[in-house]
Amino acid sequence: MLRRLTGTARVSALLGMIIVQIGILLFALPAVILTFTLGLVFLYPPAVRMVRGTAEETRRRIGAWSGIRIASPYLPEPPPPQPLTDGMYRHERTLYKSPRVPAWNARWKWLTTDPASWRDLLWLGLDPLIKIALLPMLLVTPTRGLRVYGQWCALLLSPTRTSLLRGQLTHLHQSRSIAADSQAAEMRRIERDLHDGTQARLIAIGMTLGAAEELMNSDPAAAKALMTKARDASADTLTELRRLIRGIHPPVLAERGLADAVRALAMDTALRVEVEVDLPHRPEPPVEAAAYFAVSELLANAARHGDARSASVDISSDGSALRITVTDDGLGGADPAKGSGLRGIERRLAAFDGVMAINSPPGGPTGVMMVLPKVLPVHWAEGNKLPRWKTAVVALCWSLAWCPLFPQGMVAAVFKTFAFPEKSWFLALYAPEPLQWPVILFMIALGLGMYATAIAIPAKHNRDRWMAEAPRRLGMC
């Protein structure tokens with residue numbers, strides 16, 4: 001009874017929304033017409049926002065009431081205009097002194113070219129009629145009626161394949177820009193370190209050697225002291241170069257992988273660090289580099305800013321996702337908005353669609369979880385096994401395919417070709433004369449088909465794993 005009352009209340013709320021929808025439609029439809037006929041463009045953005053708000057509320061209610069989840073189909077909002085080097089703002093081929101007009105133009109283009117805006121308007125015009133048509137079902141069987149209504153809403157309010165692709169393309173452009181900016185910042189840092197550190201040391205070594213060369217005949221002791229000083233300076237320069245190389249890409253990371261690189265990093269830090277790594281295989285080198293530098297930055301922040309004494313690092317796989325958890329007993333209060341280190345980690349992870357979650361209350365402890373989705377081979381993922389019925393079919397094909405292919409097919413063909421009088425248990429030879437060759441060919445095709453099925457089912461179920469293991473199966477490696 002309570003469930004029926006709940007369904008009835010939901011239906012009442014759904015029908016009550018008709019009045020709100022009609023009111024929004026009476027404003028939005030004239031606003032759109034006046035925008036594109038009389039040029040009253042200031043009416044269009046509020047109309048679209050009202051229609052989108054109604055559609056979003058409907059998506060939320062349908063997901064909660066009927067279980068039909070409808071994703072938001074809208075394209076990402078354009079970023080704010082950025083000033084050029086001369087302080088001007090560009091929109092297409094026009095320059096502006098203020099960002100107001102470029103921002104308005106970008107927002108106007110975003111609202112008018114998004115197909116979801118027009119589909120929402122079409123849905124808003126038809127939705128009251130659909131609710132009235134479904135009224136008998138909604139009153140008699142509210143649960144089924146709400147589900148049918150949810151399917152109608154999903155028809156117009158769900159993202160299309162084109163909108164999904166455009167959203168993915170926009171996300172790829174943003175990720176590429178973030179990666180390019182991070183790479184440019186890294187190059188500037190390396191250039192600055194070389195210019196301010198290594199280059200200055202090498203110049204000083206050259207000047208010291210020149211002074212020693214001048215004193216070689218007149219004051220050998222002073223020349224020897226200068227040579228010793230130059231040798232010490234060269235050792236310091238070599239140490240600095242090695243530190244710079246480790247900052248670019250540590251040799252241990254390239255040679256031994258992420259697990260040993262993080263363990264070596266833990267030994268070099270002033271903290272007591274426990275490292276747990278559970279990865280069946282090594283990720284791709286770019287993924288390893290991003291994970292390594294993220295862990296390195298977090299440990300450095302814990303020691304430098306958090307006054308931590310111990311930390312723990314856990315690296316594992318969650319299906320095809322790489323999951324990294326770093327915790328420390330520091331003072332807490334970590335916030336990406338307060339420092340560039342955590343922002344740099346977010347930029348590194350963004351190149352792989354990675355996310356970072358921080359739990360750092362004042363007083364500590366600090367816990368950071370980083371997840372890089374779909375960066376591990378698919379065949380690592382748990383739960384990617386063949387279903388039982390597919391496993392049974394594959395086992396049946398492998399165990400029985402030899403019978404029709406060889407004794408009932410190829411061997412029977414040899415007996416038939418050479419006219420052996422012995423028929424033995426070859427079934428095709430007991431068939432009438434006109435049917436013997438067709439039966440033999442059918443047996444051969446049946447055996448080959450069973451072998452092909454036994455290979456194709458696992459290969460289609462997990463193509464990446466099958467391709468990765470194919471050379472080993474064929475004895476090529």
# chains A, B, ... in the order shown; residues from 1 in each chain; ligands from 1
>>> residues_around(residues="range 307-322 of chain A", least_positions_apart="6", cutoff="6 Å", atoms="only C-alpha atoms", output="list in words")
Leu271, Arg272, Val273, Glu274, Val275, Glu276, Val277, Asp278, Leu279, Asp328, Asp329, Gly330, Val371, Leu372, Pro373, Lys374, Val375, Leu376, Val378, Ala381 and Glu382 of chain A
>>> write_last_selection(atoms="N, CA, C and O atoms", output="PDB file, in the first residue's frame")
ATOM      1  N   LEU A 271      61.494  10.627   5.333  1.00  0.00           N
ATOM      2  CA  LEU A 271      60.378  10.000   6.033  1.00  0.00           C
ATOM      3  C   LEU A 271      60.587   8.493   6.127  1.00  0.00           C
ATOM      4  O   LEU A 271      61.342   7.895   5.352  1.00  0.00           O
ATOM      5  N   ARG A 272      59.872   7.881   7.060  1.00  0.00           N
ATOM      6  CA  ARG A 272      59.776   6.423   7.097  1.00  0.00           C
ATOM      7  C   ARG A 272      58.603   6.038   6.199  1.00  0.00           C
ATOM      8  O   ARG A 272      57.436   6.273   6.538  1.00  0.00           O
ATOM      9  N   VAL A 273      58.900   5.459   5.077  1.00  0.00           N
ATOM     10  CA  VAL A 273      57.892   5.192   4.055  1.00  0.00           C
ATOM     11  C   VAL A 273      57.736   3.693   3.866  1.00  0.00           C
ATOM     12  O   VAL A 273      58.732   2.983   3.658  1.00  0.00           O
ATOM     13  N   GLU A 274      56.502   3.223   3.940  1.00  0.00           N
ATOM     14  CA  GLU A 274      56.169   1.837   3.613  1.00  0.00           C
ATOM     15  C   GLU A 274      55.539   1.797   2.231  1.00  0.00           C
ATOM     16  O   GLU A 274      54.602   2.551   1.949  1.00  0.00           O
ATOM     17  N   VAL A 275      56.044   0.928   1.390  1.00  0.00           N
ATOM     18  CA  VAL A 275      55.604   0.847   0.000  1.00  0.00           C
ATOM     19  C   VAL A 275      54.993  -0.528  -0.242  1.00  0.00           C
ATOM     20  O   VAL A 275      55.618  -1.549   0.060  1.00  0.00           O
ATOM     21  N   GLU A 276      53.783  -0.537  -0.768  1.00  0.00           N
ATOM     22  CA  GLU A 276      53.105  -1.767  -1.162  1.00  0.00           C
ATOM     23  C   GLU A 276      52.714  -1.630  -2.633  1.00  0.00           C
ATOM     24  O   GLU A 276      51.971  -0.711  -2.998  1.00  0.00           O
ATOM     25  N   VAL A 277      53.229  -2.529  -3.457  1.00  0.00           N
ATOM     26  CA  VAL A 277      52.944  -2.498  -4.895  1.00  0.00           C
ATOM     27  C   VAL A 277      52.396  -3.855  -5.306  1.00  0.00           C
ATOM     28  O   VAL A 277      53.018  -4.892  -5.028  1.00  0.00           O
ATOM     29  N   ASP A 278      51.232  -3.849  -5.920  1.00  0.00           N
ATOM     30  CA  ASP A 278      50.594  -5.074  -6.387  1.00  0.00           C
ATOM     31  C   ASP A 278      50.148  -4.859  -7.834  1.00  0.00           C
ATOM     32  O   ASP A 278      48.996  -4.534  -8.111  1.00  0.00           O
ATOM     33  N   LEU A 279      51.094  -5.011  -8.750  1.00  0.00           N
ATOM     34  CA  LEU A 279      50.821  -4.896 -10.177  1.00  0.00           C
ATOM     35  C   LEU A 279      51.361  -6.142 -10.872  1.00  0.00           C
ATOM     36  O   LEU A 279      52.538  -6.464 -10.727  1.00  0.00           O
ATOM     37  N   ASP A 328      50.032  10.143   4.965  1.00  0.00           N
ATOM     38  CA  ASP A 328      51.103  10.557   5.864  1.00  0.00           C
ATOM     39  C   ASP A 328      50.492  11.054   7.166  1.00  0.00           C
ATOM     40  O   ASP A 328      49.281  11.320   7.237  1.00  0.00           O
ATOM     41  N   ASP A 329      51.326  11.164   8.192  1.00  0.00           N
ATOM     42  CA  ASP A 329      50.859  11.598   9.517  1.00  0.00           C
ATOM     43  C   ASP A 329      51.201  13.058   9.775  1.00  0.00           C
ATOM     44  O   ASP A 329      51.483  13.445  10.913  1.00  0.00           O
ATOM     45  N   GLY A 330      51.164  13.872   8.729  1.00  0.00           N
ATOM     46  CA  GLY A 330      51.525  15.277   8.859  1.00  0.00           C
ATOM     47  C   GLY A 330      50.423  16.122   9.459  1.00  0.00           C
ATOM     48  O   GLY A 330      49.442  15.625  10.033  1.00  0.00           O
ATOM     49  N   VAL A 371      43.576   7.943  -9.214  1.00  0.00           N
ATOM     50  CA  VAL A 371      43.077   6.869 -10.067  1.00  0.00           C
ATOM     51  C   VAL A 371      43.286   7.273 -11.514  1.00  0.00           C
ATOM     52  O   VAL A 371      42.827   8.340 -11.942  1.00  0.00           O
ATOM     53  N   LEU A 372      43.978   6.428 -12.257  1.00  0.00           N
ATOM     54  CA  LEU A 372      44.181   6.620 -13.685  1.00  0.00           C
ATOM     55  C   LEU A 372      43.391   5.539 -14.399  1.00  0.00           C
ATOM     56  O   LEU A 372      43.812   4.382 -14.457  1.00  0.00           O
ATOM     57  N   PRO A 373      42.220   5.874 -14.956  1.00  0.00           N
ATOM     58  CA  PRO A 373      41.358   4.832 -15.542  1.00  0.00           C
ATOM     59  C   PRO A 373      41.872   4.373 -16.902  1.00  0.00           C
ATOM     60  O   PRO A 373      42.436   5.142 -17.684  1.00  0.00           O
ATOM     61  N   LYS A 374      41.689   3.090 -17.152  1.00  0.00           N
ATOM     62  CA  LYS A 374      41.941   2.483 -18.463  1.00  0.00           C
ATOM     63  C   LYS A 374      43.362   2.704 -18.957  1.00  0.00           C
ATOM     64  O   LYS A 374      43.601   2.929 -20.137  1.00  0.00           O
ATOM     65  N   VAL A 375      44.323   2.657 -18.040  1.00  0.00           N
ATOM     66  CA  VAL A 375      45.722   2.787 -18.448  1.00  0.00           C
ATOM     67  C   VAL A 375      46.439   1.438 -18.396  1.00  0.00           C
ATOM     68  O   VAL A 375      47.574   1.332 -18.852  1.00  0.00           O
ATOM     69  N   LEU A 376      45.793   0.429 -17.837  1.00  0.00           N
ATOM     70  CA  LEU A 376      46.364  -0.906 -17.791  1.00  0.00           C
ATOM     71  C   LEU A 376      45.721  -1.764 -18.869  1.00  0.00           C
ATOM     72  O   LEU A 376      44.588  -1.493 -19.286  1.00  0.00           O
ATOM     73  N   VAL A 378      43.555  -4.337 -20.845  1.00  0.00           N
ATOM     74  CA  VAL A 378      42.208  -4.764 -20.500  1.00  0.00           C
ATOM     75  C   VAL A 378      42.208  -6.160 -19.905  1.00  0.00           C
ATOM     76  O   VAL A 378      41.416  -6.478 -19.033  1.00  0.00           O
ATOM     77  N   ALA A 381      42.028  -6.844 -16.176  1.00  0.00           N
ATOM     78  CA  ALA A 381      40.827  -6.550 -15.397  1.00  0.00           C
ATOM     79  C   ALA A 381      40.195  -7.821 -14.858  1.00  0.00           C
ATOM     80  O   ALA A 381      40.065  -8.822 -15.569  1.00  0.00           O
ATOM     81  N   GLU A 382      39.819  -7.745 -13.578  1.00  0.00           N
ATOM     82  CA  GLU A 382      39.123  -8.863 -12.983  1.00  0.00           C
ATOM     83  C   GLU A 382      37.686  -8.885 -13.494  1.00  0.00           C
ATOM     84  O   GLU A 382      37.111  -7.885 -13.878  1.00  0.00           O
TER      85      GLU A 382
END
>>> closest_atom_pairs(of="range 117-150 of chain A", to="range 44-61 of chain A", cutoff="7 Å", atoms="only C-alpha atoms", output="tab-separated table")
residue	atom	partner	partner_atom	distance
A:Ser117	CA	A:Val48	CA	6.7
A:Asp120	CA	A:Ala55	CA	6.6
A:Leu121	CA	A:Val51	CA	6.7
>>> atom_distance(atom1="CA of Asn301 in chain A", atom2="CA of Ala264 in chain A")
17.5 Å
>>> residues_around(residues="Ala291 in chain A", least_positions_apart="5", cutoff="12 Å", atoms="only C-alpha atoms", output="JSON, numbers by chain")
{"A": [249, 253, 257, 258, 259, 261, 262, 282, 283, 284, 285, 286, 296, 297, 298, 313, 314, 315, 316, 322, 323, 324, 325, 326, 345, 346, 347, 348, 349, 350, 351, 352, 354, 355, 356, 369, 370, 371, 372, 375]}
>>> closest_atom_pairs(of="range 12-53 of chain A", to="range 140-152 of chain A", cutoff="12 Å", atoms="only C-alpha atoms", output="JSON lines")
{"residue": "A:Ser12", "atom": "CA", "partner": "A:Pro142", "partner_atom": "CA", "distance": 10.0}
{"residue": "A:Ala13", "atom": "CA", "partner": "A:Leu146", "partner_atom": "CA", "distance": 11.5}
{"residue": "A:Leu14", "atom": "CA", "partner": "A:Leu146", "partner_atom": "CA", "distance": 9.1}
{"residue": "A:Leu15", "atom": "CA", "partner": "A:Leu146", "partner_atom": "CA", "distance": 11.2}
>>> select_by_dssp(residues="range 16-122 of chain A", states="strand (DSSP E or B)", output="ChimeraX atom specification")
/A:89-91,94-96
>>> residues_around(residues="Ala106 in chain A", least_positions_apart="6", cutoff="12 Å", atoms="only C-alpha atoms", output="list in words")
Pro76, Glu77, Pro78, Pro79, Pro80, Pro81, Arg90, His91, Glu92, Pro99, Arg100, Thr112 and Thr113 of chain A
>>> select_by_dssp(residues="range 3-136 of chain A", states="alpha helix (DSSP H)", output="PyMOL selection string")
chain A and resi 3-37+44-66+100-113+115-133+135-136
>>> closest_residue(among="A:Ala302, A:Leu429, A:Ile440, A:Cys403", to="Val368 in chain A", atoms="only C-alpha atoms")
A:Ala302
>>> decode(residues="range 318-329 of chain A", atoms="N, CA, C and O atoms", output="compact mmCIF listing (two decimals), in the first residue's frame")
# COMPACT_ATOMS: atom_id res chain seq x y z
N ASP A 318 42.93 -1.69 -10.17
CA ASP A 318 41.50 -1.85 -9.95
C ASP A 318 40.87 -2.10 -11.31
O ASP A 318 40.41 -1.18 -11.98
N GLY A 319 40.88 -3.35 -11.73
CA GLY A 319 40.48 -3.65 -13.11
C GLY A 319 41.53 -3.13 -14.06
O GLY A 319 42.71 -3.47 -13.96
N SER A 320 41.12 -2.28 -14.98
CA SER A 320 42.06 -1.67 -15.91
C SER A 320 42.55 -0.31 -15.44
O SER A 320 43.22 0.41 -16.19
N ALA A 321 42.22 0.08 -14.21
CA ALA A 321 42.63 1.37 -13.65
C ALA A 321 43.81 1.18 -12.70
O ALA A 321 43.91 0.17 -12.01
N LEU A 322 44.70 2.15 -12.71
CA LEU A 322 45.84 2.18 -11.79
C LEU A 322 45.45 3.06 -10.60
O LEU A 322 45.08 4.22 -10.78
N ARG A 323 45.53 2.49 -9.41
CA ARG A 323 45.12 3.20 -8.20
C ARG A 323 46.32 3.39 -7.28
O ARG A 323 47.03 2.42 -6.97
N ILE A 324 46.55 4.62 -6.86
CA ILE A 324 47.69 4.97 -6.01
C ILE A 324 47.14 5.70 -4.78
O ILE A 324 46.39 6.68 -4.92
N THR A 325 47.53 5.24 -3.61
CA THR A 325 47.11 5.87 -2.36
C THR A 325 48.35 6.24 -1.55
O THR A 325 49.20 5.38 -1.30
N VAL A 326 48.46 7.51 -1.18
CA VAL A 326 49.58 8.02 -0.39
C VAL A 326 49.01 8.65 0.87
O VAL A 326 48.18 9.57 0.80
N THR A 327 49.43 8.18 2.02
CA THR A 327 48.99 8.73 3.29
C THR A 327 50.20 9.12 4.13
O THR A 327 51.27 8.50 4.01
N ASP A 328 50.03 10.14 4.97
CA ASP A 328 51.10 10.56 5.86
C ASP A 328 50.49 11.05 7.17
O ASP A 328 49.28 11.32 7.24
N ASP A 329 51.33 11.16 8.19
CA ASP A 329 50.86 11.60 9.52
C ASP A 329 51.20 13.06 9.77
O ASP A 329 51.48 13.45 10.91
